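S.K.: First the structure, which I've put down as structure tokens, then a few questions once you've had a look.
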Amino acid sequence: MRKSIALAAIIAGVSSGLIIGCQEKVAPQEAAPPAAAAAPAAAPVATVTPAMLKPVAGISDIMAIEVDPSADALWESVGTVVTRSGTKNNHPTTDKQWDELRGHAVVLIEAANLLLMDGRRVAREGVQKIEDQGTPGNLSAEQSQKLIDENRGSFASFATALRTVGEQMLKAIDTKNPNDLMEAGAALDEVCEGCHLKFWYPGQKIPRFPGEAPEIR
């Protein structure tokens with residue numbers, strides 16, 4: 001009987017030790033905080049490739065709709081008028097006038113980027129004739145396109161110069177500096193005329209009077 005009691009005590013002691021040992025080993029795992037959920041994978045970023053771009057408007061469209069109106073507004077915004085009453089310097093004087101000019105400068109800059117797009121034709125599909133075509137010194141759309149294709153680097157240089165001058169004008173507008181705007185306007189005139197003489201009307205002769213210009217019918 002004593003042996004049975006002693007053996008039972010030993011078994012109880014061993015069982016208690018096993019239970020305590022298991023509790024000590026399991027407790028740290030149970031107390032550990034749950035693992036953080038894995039962050040969702042980032043969505044792939046869409047990449048714009050040249051193949052996704054589709055030029056529709058012709059160079060003549062961009063010139064007529066964006067470049068010409070913007071350039072005219074910028075040129076006319078500053079200048080000197082001489083009358084019998086004296087000399088008057090014209091330039092924007094209100095925030096609204098400067099803001100309007102800023103819009104024209106931005107359009108001019110981005111129009112230059114449009115001109116640089118690969119695949120842009122002189123005339124959009126279905127258009128055979130461009131403005132002033134047939135007047136003395138002016139090329140047809142086909143002739144102008146041939147010149148650009150043969151001198152693509154030169155055309156790109158003129159478009160890049162147009163963008164650079166547009167940026168200069170934008171800076172002058174942001175700082176509200178009429179003098180810098182006027183100087184940039186003179187540079188813009190040189191860029192435009194240089195490009196036109198090469199790709200638009202290389203045979204044009206400088207008229208003695210404004211009324212003799214080929215564009216005036």
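Just so we're on the same page: first chain in the structure tokens is A, next is B, and so on; residues restart at 1 for each chain, and ligands are numbered from 1 in the order they show up.
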Neighbours of Pro69 (chain A) within 12 Å (only C-alpha atoms; same-chain residues fewer than 4 positions away dropped), as a list in words?

M.R.: Asp61, Ile62, Met63, Ala64, Ile65, Ala73, Leu74, Trp75, Glu76, Leu101, Gly103, His104, Ala105, Val107, Leu108 and Ala111 of chain A

S.K.: So that I can check the surroundings of region 153-157 of chain A, please list as a list of chain:residue names every protein, DNA and RNA residue that reaches within 7 Å of it, counting only C-alpha atoms and ignoring chain neighbours fewer than 4 positions away.

M.R.: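 Using only C-alpha atoms, the neighbours found are A:Leu116, A:Ile148, A:Ala161.
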
S.K.: Work out how far apart CA of Asp132 (chain A) and CA of Ser144 (chain A) are and give it in Å to one decimal.

M.R.: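 Going from CA of Asp132 (chain A) over to CA of Ser144 (chain A), I get 12.3 Å.
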
S.K.: Can you pull out every residue from region 33-176 of chain A that DSSP, working from the backbone, puts in alpha helix (DSSP H), and format the result as a count of residues only?

M.R.: 67

S.K.: Find the residues around region 50-56 of chain A up to 10 Å (only C-alpha atoms counted), leave out those fewer than 2 positions away in its own chain, and share them as a PyMOL selection string.

M.R.: chain A and resi 47-48+58-59+61+114-115+117-121+123-125

S.K.: In Å, rounded to a single decimal, give me how far CA of Ile109 (chain A) is from CA of Leu197 (chain A).

M.R.: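 Here the two named atoms are 21.0 Å from each other.
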
S.K.: Counting only C-alpha atoms, which of A:Gln168, A:Thr135, A:Thr93, A:Asn151 gets nearest to Cys195 (chain A)?

M.R.: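 Smallest distance to Cys195 (chain A) is found for A:Asn151.
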
S.K.: Measuring between only C-alpha atoms, which one of A:Glu150, A:Glu110, A:Asp180, A:Glu167 shows the shortest distance to His91 (chain A)?

M.R.: A:Asp180

S.K.: Quick one: residues within 8 Å of Ser60 (chain A), only C-alpha atoms counted, chain neighbours fewer than 6 positions away excluded, as a list in words?

M.R.: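 Near neighbours after the sequence-gap exclusion: Val122, Ala123, Ile130 and Glu131 of chain A.
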
S.K.: Using Å and a single decimal, report how far CA of Gly166 (chain A) sits from CA of Val78 (chain A).

M.R.: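 Value for the CA of Val78 (chain A)-CA of Gly166 (chain A) distance: 15.2 Å.
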
S.K.: Would you mind writing down, as JSON, numbers by chain, each residue of region 79-175 of chain A that DSSP on the backbone assigns to strand (DSSP E or B)?

M.R.: {"A": [79, 80, 81, 82, 83, 86, 87, 88, 89, 90]}

S.K.: Create the file for the chosen residues now, containing N, CA and C atoms and written as an mmCIF file, in the first residue's frame.

M.R.:
```cif
data_model
loop_
_atom_site.group_PDB
_atom_site.id
_atom_site.type_symbol
_atom_site.label_atom_id
_atom_site.label_comp_id
_atom_site.auth_asym_id
_atom_site.auth_seq_id
_atom_site.Cartn_x
_atom_site.Cartn_y
_atom_site.Cartn_z
ATOM 1 N N GLY A 79 4.370 96.806 -76.405
ATOM 2 C CA GLY A 79 4.853 97.578 -77.549
ATOM 3 C C GLY A 79 4.850 99.060 -77.253
ATOM 4 N N THR A 80 5.347 99.794 -78.204
ATOM 5 C CA THR A 80 5.432 101.239 -78.076
ATOM 6 C C THR A 80 4.640 101.891 -79.203
ATOM 7 N N VAL A 81 3.754 102.786 -78.839
ATOM 8 C CA VAL A 81 2.924 103.493 -79.810
ATOM 9 C C VAL A 81 3.339 104.964 -79.820
ATOM 10 N N VAL A 82 3.672 105.451 -81.010
ATOM 11 C CA VAL A 82 4.092 106.846 -81.151
ATOM 12 C C VAL A 82 3.000 107.612 -81.890
ATOM 13 N N THR A 83 2.495 108.639 -81.265
ATOM 14 C CA THR A 83 1.475 109.496 -81.875
ATOM 15 C C THR A 83 1.903 110.952 -81.725
ATOM 16 N N GLY A 86 2.510 111.979 -78.226
ATOM 17 C CA GLY A 86 3.684 111.466 -77.523
ATOM 18 C C GLY A 86 3.842 109.973 -77.696
ATOM 19 N N THR A 87 4.685 109.418 -76.876
ATOM 20 C CA THR A 87 4.987 107.987 -76.934
ATOM 21 C C THR A 87 4.324 107.275 -75.756
ATOM 22 N N LYS A 88 3.705 106.142 -76.067
ATOM 23 C CA LYS A 88 3.023 105.380 -75.028
ATOM 24 C C LYS A 88 3.478 103.927 -75.083
ATOM 25 N N ASN A 89 3.874 103.419 -73.930
ATOM 26 C CA ASN A 89 4.280 102.014 -73.830
ATOM 27 C C ASN A 89 3.092 101.171 -73.373
ATOM 28 N N ASN A 90 2.714 100.239 -74.205
ATOM 29 C CA ASN A 90 1.605 99.357 -73.859
ATOM 30 C C ASN A 90 2.113 98.065 -73.227
#
```

S.K.: When you look at Ala184 (chain A) with a cut-off of 7 Å (counting only C-alpha atoms), what residues show up, excluding the ones that are within fewer than 2 positions of it in the same chain? I need them as a VMD selection string.

M.R.: chain A and resid 165 168 to 169 180 to 182 186 to 188

S.K.: Pick out the closest residue to Ile173 (chain A) from this set: A:Asp72, A:Asp95, A:Glu66, A:Glu190. Count only C-alpha atoms.

M.R.: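 For Ile173 (chain A), the nearest of the given residues is A:Asp95.
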